[in-house]
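Chemist: Contents of data-v8.cif (mmCIF, C-alpha atoms and all ligand atoms):
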```cif
data_work
#
loop_
_atom_site.group_PDB
_atom_site.id
_atom_site.type_symbol
_atom_site.label_atom_id
_atom_site.label_comp_id
_atom_site.auth_asym_id
_atom_site.auth_seq_id
_atom_site.Cartn_x
_atom_site.Cartn_y
_atom_site.Cartn_z
ATOM 1 C CA MET A 110 -3.207 17.865 -22.712
ATOM 2 C CA SER A 111 -6.409 19.375 -24.169
ATOM 3 C CA ALA A 112 -4.802 20.100 -27.557
ATOM 4 C CA ILE A 113 -4.506 16.418 -28.434
ATOM 5 C CA PHE A 114 -8.079 15.910 -27.259
ATOM 6 C CA LEU A 115 -9.530 18.559 -29.548
ATOM 7 C CA LYS A 116 -7.423 17.254 -32.431
ATOM 8 C CA ARG A 117 -8.668 13.681 -31.972
ATOM 9 C CA PHE A 118 -12.250 14.913 -31.576
ATOM 10 C CA LEU A 119 -12.036 16.777 -34.893
ATOM 11 C CA GLN A 120 -10.653 13.620 -36.513
ATOM 12 C CA ARG A 121 -13.186 11.168 -35.001
ATOM 13 C CA PRO A 122 -16.062 13.122 -33.442
ATOM 14 C CA PHE A 123 -18.393 10.159 -32.771
ATOM 15 C CA GLN A 124 -15.725 7.893 -31.307
ATOM 16 C CA VAL A 125 -14.109 10.556 -29.100
ATOM 17 C CA ALA A 126 -17.445 12.280 -28.361
ATOM 18 C CA SER A 127 -16.013 15.138 -26.283
ATOM 19 C CA ILE A 128 -13.824 18.162 -27.016
ATOM 20 C CA ILE A 129 -12.098 18.289 -23.631
ATOM 21 C CA PRO A 130 -11.002 15.654 -21.098
ATOM 22 C CA SER A 131 -12.987 14.926 -17.916
ATOM 23 C CA SER A 132 -12.737 17.570 -15.179
ATOM 24 C CA ARG A 133 -10.707 17.085 -11.989
ATOM 25 C CA THR A 134 -13.952 16.770 -10.032
ATOM 26 C CA LEU A 135 -15.252 13.993 -12.267
ATOM 27 C CA VAL A 136 -11.878 12.231 -12.225
ATOM 28 C CA ARG A 137 -11.833 12.288 -8.401
ATOM 29 C CA LYS A 138 -15.435 11.106 -8.172
ATOM 30 C CA VAL A 139 -14.765 8.135 -10.437
ATOM 31 C CA ALA A 140 -11.538 7.136 -8.657
ATOM 32 C CA GLY A 141 -13.352 7.462 -5.316
ATOM 33 C CA LYS A 142 -15.765 4.699 -6.379
ATOM 34 C CA MET A 143 -12.972 2.118 -6.123
ATOM 35 C CA ASP A 144 -11.381 0.565 -3.071
ATOM 36 C CA LEU A 145 -7.765 0.848 -4.183
ATOM 37 C CA SER A 146 -6.238 -0.046 -0.813
ATOM 38 C CA GLN A 147 -5.793 -3.653 -2.034
ATOM 39 C CA PRO A 148 -3.867 -4.961 -5.053
ATOM 40 C CA ARG A 149 -6.330 -4.705 -7.939
ATOM 41 C CA VAL A 150 -6.610 -5.453 -11.618
ATOM 42 C CA ILE A 151 -8.207 -2.337 -13.093
ATOM 43 C CA VAL A 152 -9.356 -2.083 -16.695
ATOM 44 C CA GLU A 153 -10.137 1.209 -18.392
ATOM 45 C CA TYR A 154 -12.151 1.549 -21.609
ATOM 46 C CA GLY A 155 -11.459 4.704 -23.628
ATOM 47 C CA PRO A 156 -8.836 6.454 -21.447
ATOM 48 C CA GLY A 157 -8.263 9.177 -24.078
ATOM 49 C CA GLU A 158 -5.250 11.246 -23.002
ATOM 50 C CA GLY A 159 -5.188 9.512 -19.580
ATOM 51 C CA CYS A 160 -6.786 11.861 -17.044
ATOM 52 C CA HIS A 161 -8.544 9.024 -15.153
ATOM 53 C CA THR A 162 -5.581 6.683 -15.562
ATOM 54 C CA ARG A 163 -3.185 9.129 -13.878
ATOM 55 C CA GLU A 164 -5.478 9.440 -10.860
ATOM 56 C CA ILE A 165 -5.997 5.652 -10.612
ATOM 57 C CA VAL A 166 -2.247 5.004 -10.828
ATOM 58 C CA ARG A 167 -1.591 7.686 -8.209
ATOM 59 C CA ARG A 168 -4.088 6.146 -5.769
ATOM 60 C CA MET A 169 -3.681 2.429 -6.375
ATOM 61 C CA HIS A 170 -1.882 -0.157 -4.247
ATOM 62 C CA PRO A 171 1.671 -0.623 -5.637
ATOM 63 C CA ASP A 172 0.959 -4.260 -6.578
ATOM 64 C CA SER A 173 -2.012 -3.346 -8.747
ATOM 65 C CA ARG A 174 -2.068 -3.277 -12.489
ATOM 66 C CA VAL A 175 -4.011 -1.307 -15.077
ATOM 67 C CA ILE A 176 -5.002 -2.419 -18.571
ATOM 68 C CA LEU A 177 -6.068 0.307 -20.994
ATOM 69 C CA PHE A 178 -8.191 -0.240 -24.106
ATOM 70 C CA GLU A 179 -7.967 2.783 -26.404
ATOM 71 C CA LEU A 180 -9.262 2.530 -29.964
ATOM 72 C CA ASP A 181 -7.620 5.732 -31.185
ATOM 73 C CA THR A 182 -4.013 5.131 -32.282
ATOM 74 C CA GLU A 183 -2.773 8.642 -31.492
ATOM 75 C CA PHE A 184 -4.211 8.536 -27.967
ATOM 76 C CA ALA A 185 -2.743 5.040 -27.495
ATOM 77 C CA GLU A 186 0.736 6.279 -28.518
ATOM 78 C CA HIS A 187 0.368 9.240 -26.171
ATOM 79 C CA LEU A 188 -0.541 6.879 -23.292
ATOM 80 C CA GLU A 189 2.305 4.538 -24.162
ATOM 81 C CA LYS A 190 4.789 7.430 -23.847
ATOM 82 C CA GLN A 191 3.204 8.707 -20.654
ATOM 83 C CA PHE A 192 3.326 5.357 -18.813
ATOM 84 C CA ARG A 193 6.474 3.931 -20.412
ATOM 85 C CA GLY A 194 8.319 3.786 -17.100
ATOM 86 C CA ASP A 195 5.538 1.968 -15.262
ATOM 87 C CA SER A 196 5.380 -1.786 -15.929
ATOM 88 C CA ARG A 197 2.055 -1.997 -14.101
ATOM 89 C CA VAL A 198 0.303 -0.130 -16.923
ATOM 90 C CA THR A 199 -0.496 -1.923 -20.189
ATOM 91 C CA VAL A 200 -1.698 0.140 -23.147
ATOM 92 C CA LEU A 201 -3.685 -1.698 -25.813
ATOM 93 C CA ASN A 202 -4.661 0.016 -29.053
ATOM 94 C CA ARG A 203 -7.691 -2.262 -29.222
ATOM 95 C CA ASP A 204 -11.449 -2.282 -28.935
ATOM 96 C CA ALA A 205 -12.814 -2.750 -25.415
ATOM 97 C CA ALA A 206 -14.717 -5.740 -26.845
ATOM 98 C CA LYS A 207 -11.421 -7.675 -26.668
ATOM 99 C CA LEU A 208 -11.335 -7.588 -22.864
ATOM 100 C CA SER A 209 -11.758 -11.296 -22.070
ATOM 101 C CA GLU A 210 -9.257 -12.286 -24.793
ATOM 102 C CA GLU A 211 -6.650 -9.844 -23.422
ATOM 103 C CA LEU A 212 -7.167 -10.906 -19.798
ATOM 104 C CA LEU A 213 -6.681 -14.563 -20.769
ATOM 105 C CA LYS A 214 -3.519 -13.735 -22.733
ATOM 106 C CA ARG A 215 -2.045 -12.330 -19.529
ATOM 107 C CA GLY A 216 -3.096 -15.250 -17.367
ATOM 108 C CA LEU A 217 -5.702 -13.101 -15.645
ATOM 109 C CA GLY A 218 -9.040 -14.829 -15.352
ATOM 110 C CA GLN A 219 -10.918 -11.732 -14.270
ATOM 111 C CA CYS A 220 -10.470 -8.146 -13.124
ATOM 112 C CA ASP A 221 -11.682 -6.132 -10.122
ATOM 113 C CA TYR A 222 -12.852 -2.903 -11.755
ATOM 114 C CA VAL A 223 -13.776 -1.747 -15.226
ATOM 115 C CA VAL A 224 -13.928 2.032 -15.670
ATOM 116 C CA SER A 225 -15.495 3.216 -18.905
ATOM 117 C CA GLY A 226 -15.382 6.535 -20.740
ATOM 118 C CA ILE A 227 -16.512 5.209 -24.110
ATOM 119 C CA PRO A 228 -19.630 6.738 -25.667
ATOM 120 C CA PHE A 229 -21.923 3.737 -25.267
ATOM 121 C CA SER A 230 -24.875 5.638 -26.709
ATOM 122 C CA ILE A 231 -23.404 5.494 -30.225
ATOM 123 C CA LEU A 232 -22.796 1.724 -30.153
ATOM 124 C CA GLU A 233 -25.146 -0.491 -32.128
ATOM 125 C CA PRO A 234 -27.556 -2.356 -29.791
ATOM 126 C CA GLU A 235 -25.977 -5.777 -30.416
ATOM 127 C CA LYS A 236 -22.426 -4.497 -29.832
ATOM 128 C CA LYS A 237 -23.565 -2.679 -26.710
ATOM 129 C CA ARG A 238 -25.250 -5.844 -25.349
ATOM 130 C CA GLU A 239 -22.177 -7.977 -26.035
ATOM 131 C CA LEU A 240 -19.786 -5.484 -24.454
ATOM 132 C CA LEU A 241 -21.918 -5.165 -21.317
ATOM 133 C CA ARG A 242 -22.236 -8.938 -21.027
ATOM 134 C CA SER A 243 -18.487 -9.556 -21.459
ATOM 135 C CA THR A 244 -17.742 -6.752 -18.979
ATOM 136 C CA TYR A 245 -19.975 -8.444 -16.399
ATOM 137 C CA ASP A 246 -18.430 -11.885 -17.070
ATOM 138 C CA SER A 247 -14.900 -10.473 -16.765
ATOM 139 C CA LEU A 248 -15.445 -9.040 -13.298
ATOM 140 C CA ALA A 249 -14.360 -11.219 -10.376
ATOM 141 C CA PRO A 250 -17.230 -12.485 -8.200
ATOM 142 C CA HIS A 251 -16.550 -10.469 -5.065
ATOM 143 C CA ASP A 252 -18.386 -7.610 -3.381
ATOM 144 C CA SER A 253 -15.992 -4.824 -4.361
ATOM 145 C CA ALA A 254 -15.887 -5.702 -8.066
ATOM 146 C CA ALA A 255 -17.703 -3.161 -10.227
ATOM 147 C CA PHE A 256 -18.209 -1.542 -13.597
ATOM 148 C CA ILE A 257 -18.044 2.256 -13.340
ATOM 149 C CA ILE A 258 -19.220 4.552 -16.118
ATOM 150 C CA TYR A 259 -19.549 8.289 -16.644
ATOM 151 C CA GLN A 260 -22.062 9.347 -19.267
ATOM 152 C CA VAL A 261 -24.153 12.322 -20.313
ATOM 153 C CA THR A 262 -27.370 10.304 -20.025
ATOM 154 C CA ASN A 263 -28.152 7.393 -17.750
ATOM 155 C CA GLU A 264 -29.537 5.319 -20.644
ATOM 156 C CA LEU A 265 -27.136 2.450 -19.973
ATOM 157 C CA VAL A 266 -28.981 1.570 -16.774
ATOM 158 C CA GLY A 267 -31.709 -0.072 -18.869
ATOM 159 C CA HIS A 268 -29.120 -2.273 -20.573
ATOM 160 C CA CYS A 269 -27.384 -3.330 -17.370
ATOM 161 C CA GLN A 270 -30.121 -5.320 -15.669
ATOM 162 C CA HIS A 271 -27.761 -8.309 -15.321
ATOM 163 C CA PHE A 272 -25.789 -6.314 -12.735
ATOM 164 C CA PRO A 273 -27.656 -6.960 -9.477
ATOM 165 C CA ARG A 274 -27.002 -3.577 -7.836
ATOM 166 C CA ARG A 275 -26.142 -0.024 -8.859
ATOM 167 C CA GLU A 276 -25.564 3.470 -7.479
ATOM 168 C CA SER A 277 -25.752 6.656 -9.515
ATOM 169 C CA GLU A 278 -24.821 10.255 -8.892
ATOM 170 C CA TYR A 279 -24.734 13.376 -11.026
ATOM 171 C CA CYS A 280 -21.539 15.380 -11.492
ATOM 172 C CA LEU A 281 -22.372 18.970 -12.404
ATOM 173 C CA GLN A 282 -18.748 20.109 -12.390
ATOM 174 C CA ASN A 283 -17.891 18.722 -15.790
ATOM 175 C CA ILE A 284 -18.488 19.934 -19.341
ATOM 176 C CA PRO A 285 -20.998 18.511 -20.041
ATOM 177 C CA PRO A 286 -22.370 17.319 -16.649
ATOM 178 C CA MET A 287 -22.267 13.537 -16.318
ATOM 179 C CA PHE A 288 -23.969 10.694 -14.507
ATOM 180 C CA VAL A 289 -21.457 8.501 -12.695
ATOM 181 C CA THR A 290 -22.899 5.039 -12.214
ATOM 182 C CA LYS A 291 -21.397 2.102 -10.408
ATOM 183 C CA PHE A 292 -22.744 -1.341 -11.296
ATOM 184 C CA TYR A 293 -21.759 -3.955 -8.753
ATOM 185 C CA LYS A 294 -20.948 -7.526 -9.724
ATOM 186 C CA THR A 295 -22.694 -8.962 -6.645
ATOM 187 C CA ALA A 296 -25.975 -8.188 -4.910
ATOM 188 C CA ASN A 297 -24.084 -7.458 -1.661
ATOM 189 C CA GLY A 298 -21.671 -5.154 -3.472
ATOM 190 C CA SER A 299 -20.174 -2.510 -1.237
ATOM 191 C CA ALA A 300 -17.838 0.392 -1.809
ATOM 192 C CA HIS A 301 -15.337 -0.412 0.939
ATOM 193 C CA GLY A 302 -14.414 -2.899 3.565
ATOM 194 C CA LYS A 303 -14.473 -6.127 1.556
ATOM 195 C CA ASN A 304 -11.223 -7.919 0.977
ATOM 196 C CA GLY A 305 -11.941 -9.770 -2.228
ATOM 197 C CA HIS A 306 -9.762 -9.405 -5.254
ATOM 198 C CA SER A 307 -9.501 -11.166 -8.580
ATOM 199 C CA LYS A 308 -7.548 -14.374 -8.902
ATOM 200 C CA ASN A 309 -3.998 -13.413 -9.904
ATOM 201 C CA GLY A 310 -4.893 -9.842 -9.086
ATOM 202 C CA ASN A 311 -2.369 -9.537 -6.298
ATOM 203 C CA GLY A 312 0.885 -9.243 -8.117
ATOM 204 C CA ARG A 313 2.639 -7.954 -11.197
ATOM 205 C CA HIS A 314 2.285 -9.892 -14.424
HETATM 206 C C1 LIG B 1 -15.328 10.787 -24.285
HETATM 207 S S1 LIG B 1 -13.687 10.212 -24.625
HETATM 208 C C2 LIG B 1 -13.184 9.949 -22.919
HETATM 209 C C3 LIG B 1 -11.725 10.168 -22.714
HETATM 210 C C4 LIG B 1 -11.242 10.180 -21.262
HETATM 211 N N1 LIG B 1 -11.567 8.935 -20.602
HETATM 212 C C5 LIG B 1 -11.808 11.342 -20.481
HETATM 213 O O1 LIG B 1 -12.599 11.108 -19.564
HETATM 214 O O2 LIG B 1 -11.440 12.480 -20.763
HETATM 215 C C6 LIG B 1 -13.985 8.572 -25.242
HETATM 216 C C7 LIG B 1 -12.752 7.734 -25.543
HETATM 217 O O3 LIG B 1 -13.157 6.392 -25.813
HETATM 218 C C8 LIG B 1 -12.412 5.873 -26.924
HETATM 219 N N2 LIG B 1 -13.219 4.762 -27.473
HETATM 220 C C9 LIG B 1 -14.416 4.853 -28.108
HETATM 221 N N3 LIG B 1 -14.899 3.619 -28.399
HETATM 222 C C10 LIG B 1 -13.978 2.726 -27.901
HETATM 223 C C11 LIG B 1 -13.915 1.299 -27.874
HETATM 224 N N4 LIG B 1 -14.884 0.541 -28.405
HETATM 225 N N5 LIG B 1 -12.838 0.707 -27.289
HETATM 226 C C12 LIG B 1 -11.843 1.478 -26.742
HETATM 227 N N6 LIG B 1 -11.847 2.827 -26.751
HETATM 228 C C13 LIG B 1 -12.898 3.451 -27.317
HETATM 229 C C14 LIG B 1 -12.249 7.089 -27.812
HETATM 230 O O4 LIG B 1 -11.203 6.923 -28.744
HETATM 231 C C15 LIG B 1 -11.973 8.177 -26.764
HETATM 232 O O5 LIG B 1 -10.612 8.241 -26.445
#
```
Can you dump the structure from the file as C-alpha cells?
Modeler:
Amino acid sequence: MSAIFLKRFLQRPFQVASIIPSSRTLVRKVAGKMDLSQPRVIVEYGPGEGCHTREIVRRMHPDSRVILFELDTEFAEHLEKQFRGDSRVTVLNRDAAKLSEELLKRGLGQCDYVVSGIPFSILEPEKKRELLRSTYDSLAPHDSAAFIIYQVTNELVGHCQHFPRRESEYCLQNIPPMFVTKFYKTANGSAHGKNGHSKNGNGRH
C-alpha cells in the first residue's frame, strides 16, 4: 500500500504532502471521533490509498454510505478497485470543493461527518475559506455532525471560527505527529449519545 503512496508523492508532492499513509493509531483515533452506530452519510476529503476509508467502512452501520473526494487520478482508480464490491462507497475523482454539488446530485441534502486528510495549509486563503464554509453548510444540523481533520499544525483552527465548538488532541504515533481536531456543527455537539442523522442519511442511495 505504501508503494503507491510514495509514487504519488513523488509525482505531486504538494498535493499529496506525505510519503506514507496515516498510521494505524491515527486511523483509529480519527474513526473513534465518529458515532458510527447509526446510519450515516460520511464524506472523506483526500482518502489517498484508503487507510481511513477501510476503518470507517469496517466500523460503520450497514446502512451508511461513504463519499470519497480524491483529486489524484491514480489514487481514485486504486480506491475504485478496492471498493468495487461495496455499493455504499462512492469514489469521486474530484476536488473536495464540489461537495455540495455532489450531495445534491445524489439527493442528499447534507452529510453527518466530513473527514479530511487534505493539506489545507497549501490552499490559497480564498479557496480555503470557501471549502471550510461549504463543509460547514453541508453538515446536517444535529449534535453529532462534525468536520474532523488531521494536520501537522493546528493552523486551521483560526479559519474555523464559524464552527461553534471544537476538540483537539495530538497524535504522536504518526510520521509526522498530527493534531486531530473535531469541529462540531452545533454548540451542543457531543461525541456520542445523540440520535440525529442527516436527512436521507438512513438508507442506501
Ligand atoms: C496527506 S495525503 C492523505 C492521504 C490519506 N488520507 C492518509 O491519511 O494517508 C492527502 C491526500 O489529499 C488529496 N487531495 C489534496 N487536495 C485535494 C482536494 N482539494 N480534493 C480532494 N483530494 C485532495 C491528495 O491527492 C492526497 O491523496
Chemist: For the PyMOL selection byres (((chain A and resi 251-266) around 8) and not hetatm), applied here, can you spell out every residue it catches as a count of residues only?
Modeler: 45
Chemist: Within 10 Å of Glu183 of chain A, counting only C-alpha atoms, which residues qualify if same-chain residues fewer than 2 places away don't, as a list in words?
Modeler: Ile113, Phe114, Lys116, Arg117, Gly157, Glu158, Glu179, Leu180, Asp181, Ala185, Glu186, His187, Leu188, Glu189 and Asn202 of chain A
Chemist: Nearest to ligand LIG 1 (chain B) among A:Leu240, A:Val198, A:Met169, A:Leu212, with distances taken over all atoms listed in the file: which residue is it?
Modeler: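 Nearest to ligand LIG 1 (chain B): A:Leu240.
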Chemist: Give the residue list for ligand LIG 1 (chain B) at 7 Å, counting all atoms listed in the file, as a ChimeraX atom specification, sorted by chain and then by residue number.
Modeler: /A:124-127,129-131,154-161,178-181,184,203-206,226-228
Chemist: Report as a VMD selection string the residues that result from applying the PyMOL selection byres (((chain A and resi 148) around 6) and not hetatm) to the structure here.
Modeler: chain A and resid 147 149 170 172 to 173 311
Chemist: Any chance you could work out the axis-aligned box around segment 126-144 of chain A, listed atoms only, 6 Å on each side, giving centre and edge lengths in Å to one decimal, as JSON?
Modeler:
```
{"center_x": -14.1, "center_y": 9.4, "center_z": -15.7, "size_x": 18.7, "size_y": 29.7, "size_z": 37.3}
```
Chemist: Rounded to one decimal place, report the atom CA of Leu208 of chain A-atom CA of Ser196 of chain A distance in Å.
Modeler: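 Here the two named atoms are 19.0 Å from each other.
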Chemist: How many Å lie between atom CA of Glu153 of chain A and atom CA of Phe192 of chain A, rounded to one decimal?
Modeler: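 Interatomic distance, atom CA of Glu153 of chain A to atom CA of Phe192 of chain A: 14.1 Å.
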Chemist: Rounded to one decimal, what separation in Å do you get between atom CA of Thr199 of chain A and atom CA of Arg174 of chain A?
Modeler: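 Spanning atom CA of Thr199 of chain A to atom CA of Arg174 of chain A is a straight-line distance of 8.0 Å.
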Chemist: Pick out the closest residue to Glu239 of chain A from this set: A:Gln282, A:Lys214, A:Arg163, A:Lys207. Count only C-alpha atoms.
Modeler: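 That would be A:Lys207, the residue with the smallest distance to Glu239 of chain A.
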Chemist: Would you save segment 216-233 of chain A from the block above with N, CA, C and O atoms, as a PDB file, in the first residue's frame?
Modeler:
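Written output follows (decode.pdb):
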```pdb
ATOM      1  N   GLY A 216     -29.268  13.377  -4.267  1.00  0.00           N
ATOM      2  CA  GLY A 216     -30.482  13.564  -3.472  1.00  0.00           C
ATOM      3  C   GLY A 216     -30.198  13.631  -1.978  1.00  0.00           C
ATOM      4  O   GLY A 216     -31.095  13.424  -1.155  1.00  0.00           O
ATOM      5  N   LEU A 217     -28.958  13.933  -1.637  1.00  0.00           N
ATOM      6  CA  LEU A 217     -28.592  14.055  -0.223  1.00  0.00           C
ATOM      7  C   LEU A 217     -28.450  15.539   0.074  1.00  0.00           C
ATOM      8  O   LEU A 217     -27.600  16.210  -0.508  1.00  0.00           O
ATOM      9  N   GLY A 218     -29.289  16.048   0.960  1.00  0.00           N
ATOM     10  CA  GLY A 218     -29.162  17.463   1.284  1.00  0.00           C
ATOM     11  C   GLY A 218     -27.851  17.726   2.007  1.00  0.00           C
ATOM     12  O   GLY A 218     -27.064  18.591   1.643  1.00  0.00           O
ATOM     13  N   GLN A 219     -27.590  16.927   3.028  1.00  0.00           N
ATOM     14  CA  GLN A 219     -26.416  17.147   3.861  1.00  0.00           C
ATOM     15  C   GLN A 219     -25.790  15.818   4.283  1.00  0.00           C
ATOM     16  O   GLN A 219     -26.336  14.759   3.991  1.00  0.00           O
ATOM     17  N   CYS A 220     -24.656  15.910   4.968  1.00  0.00           N
ATOM     18  CA  CYS A 220     -23.992  14.696   5.442  1.00  0.00           C
ATOM     19  C   CYS A 220     -23.785  14.796   6.958  1.00  0.00           C
ATOM     20  O   CYS A 220     -24.017  15.856   7.550  1.00  0.00           O
ATOM     21  N   ASP A 221     -23.358  13.691   7.566  1.00  0.00           N
ATOM     22  CA  ASP A 221     -23.191  13.671   9.026  1.00  0.00           C
ATOM     23  C   ASP A 221     -21.756  13.952   9.465  1.00  0.00           C
ATOM     24  O   ASP A 221     -21.532  14.563  10.501  1.00  0.00           O
ATOM     25  N   TYR A 222     -20.796  13.451   8.678  1.00  0.00           N
ATOM     26  CA  TYR A 222     -19.388  13.679   9.020  1.00  0.00           C
ATOM     27  C   TYR A 222     -18.599  14.000   7.756  1.00  0.00           C
ATOM     28  O   TYR A 222     -18.856  13.416   6.697  1.00  0.00           O
ATOM     29  N   VAL A 223     -17.640  14.908   7.912  1.00  0.00           N
ATOM     30  CA  VAL A 223     -16.638  15.111   6.869  1.00  0.00           C
ATOM     31  C   VAL A 223     -15.286  14.873   7.535  1.00  0.00           C
ATOM     32  O   VAL A 223     -14.958  15.508   8.540  1.00  0.00           O
ATOM     33  N   VAL A 224     -14.538  13.922   6.976  1.00  0.00           N
ATOM     34  CA  VAL A 224     -13.188  13.618   7.473  1.00  0.00           C
ATOM     35  C   VAL A 224     -12.215  14.130   6.418  1.00  0.00           C
ATOM     36  O   VAL A 224     -12.374  13.837   5.235  1.00  0.00           O
ATOM     37  N   SER A 225     -11.215  14.900   6.848  1.00  0.00           N
ATOM     38  CA  SER A 225     -10.318  15.473   5.848  1.00  0.00           C
ATOM     39  C   SER A 225      -8.848  15.174   6.088  1.00  0.00           C
ATOM     40  O   SER A 225      -8.328  15.383   7.179  1.00  0.00           O
ATOM     41  N   GLY A 226      -8.197  14.702   5.008  1.00  0.00           N
ATOM     42  CA  GLY A 226      -6.746  14.473   5.053  1.00  0.00           C
ATOM     43  C   GLY A 226      -6.030  15.394   4.088  1.00  0.00           C
ATOM     44  O   GLY A 226      -4.842  15.232   3.850  1.00  0.00           O
ATOM     45  N   ILE A 227      -6.759  16.374   3.514  1.00  0.00           N
ATOM     46  CA  ILE A 227      -6.087  17.200   2.500  1.00  0.00           C
ATOM     47  C   ILE A 227      -5.198  18.253   3.176  1.00  0.00           C
ATOM     48  O   ILE A 227      -5.497  18.716   4.266  1.00  0.00           O
ATOM     49  N   PRO A 228      -4.089  18.585   2.526  1.00  0.00           N
ATOM     50  CA  PRO A 228      -3.165  19.556   3.130  1.00  0.00           C
ATOM     51  C   PRO A 228      -3.708  20.986   3.005  1.00  0.00           C
ATOM     52  O   PRO A 228      -3.367  21.725   2.085  1.00  0.00           O
ATOM     53  N   PHE A 229      -4.549  21.357   3.944  1.00  0.00           N
ATOM     54  CA  PHE A 229      -5.186  22.678   3.900  1.00  0.00           C
ATOM     55  C   PHE A 229      -4.170  23.818   3.869  1.00  0.00           C
ATOM     56  O   PHE A 229      -4.426  24.866   3.295  1.00  0.00           O
ATOM     57  N   SER A 230      -3.016  23.584   4.508  1.00  0.00           N
ATOM     58  CA  SER A 230      -2.047  24.685   4.631  1.00  0.00           C
ATOM     59  C   SER A 230      -1.536  25.175   3.271  1.00  0.00           C
ATOM     60  O   SER A 230      -1.089  26.314   3.163  1.00  0.00           O
ATOM     61  N   ILE A 231      -1.627  24.334   2.236  1.00  0.00           N
ATOM     62  CA  ILE A 231      -1.118  24.805   0.934  1.00  0.00           C
ATOM     63  C   ILE A 231      -2.214  25.455   0.082  1.00  0.00           C
ATOM     64  O   ILE A 231      -1.949  25.980  -0.989  1.00  0.00           O
ATOM     65  N   LEU A 232      -3.457  25.444   0.565  1.00  0.00           N
ATOM     66  CA  LEU A 232      -4.541  26.057  -0.206  1.00  0.00           C
ATOM     67  C   LEU A 232      -4.455  27.575  -0.115  1.00  0.00           C
ATOM     68  O   LEU A 232      -4.121  28.131   0.935  1.00  0.00           O
ATOM     69  N   GLU A 233      -4.809  28.233  -1.227  1.00  0.00           N
ATOM     70  CA  GLU A 233      -4.861  29.697  -1.198  1.00  0.00           C
ATOM     71  C   GLU A 233      -5.941  30.121  -0.216  1.00  0.00           C
ATOM     72  O   GLU A 233      -6.969  29.429  -0.099  1.00  0.00           O
TER      73      GLU A 233
END
```
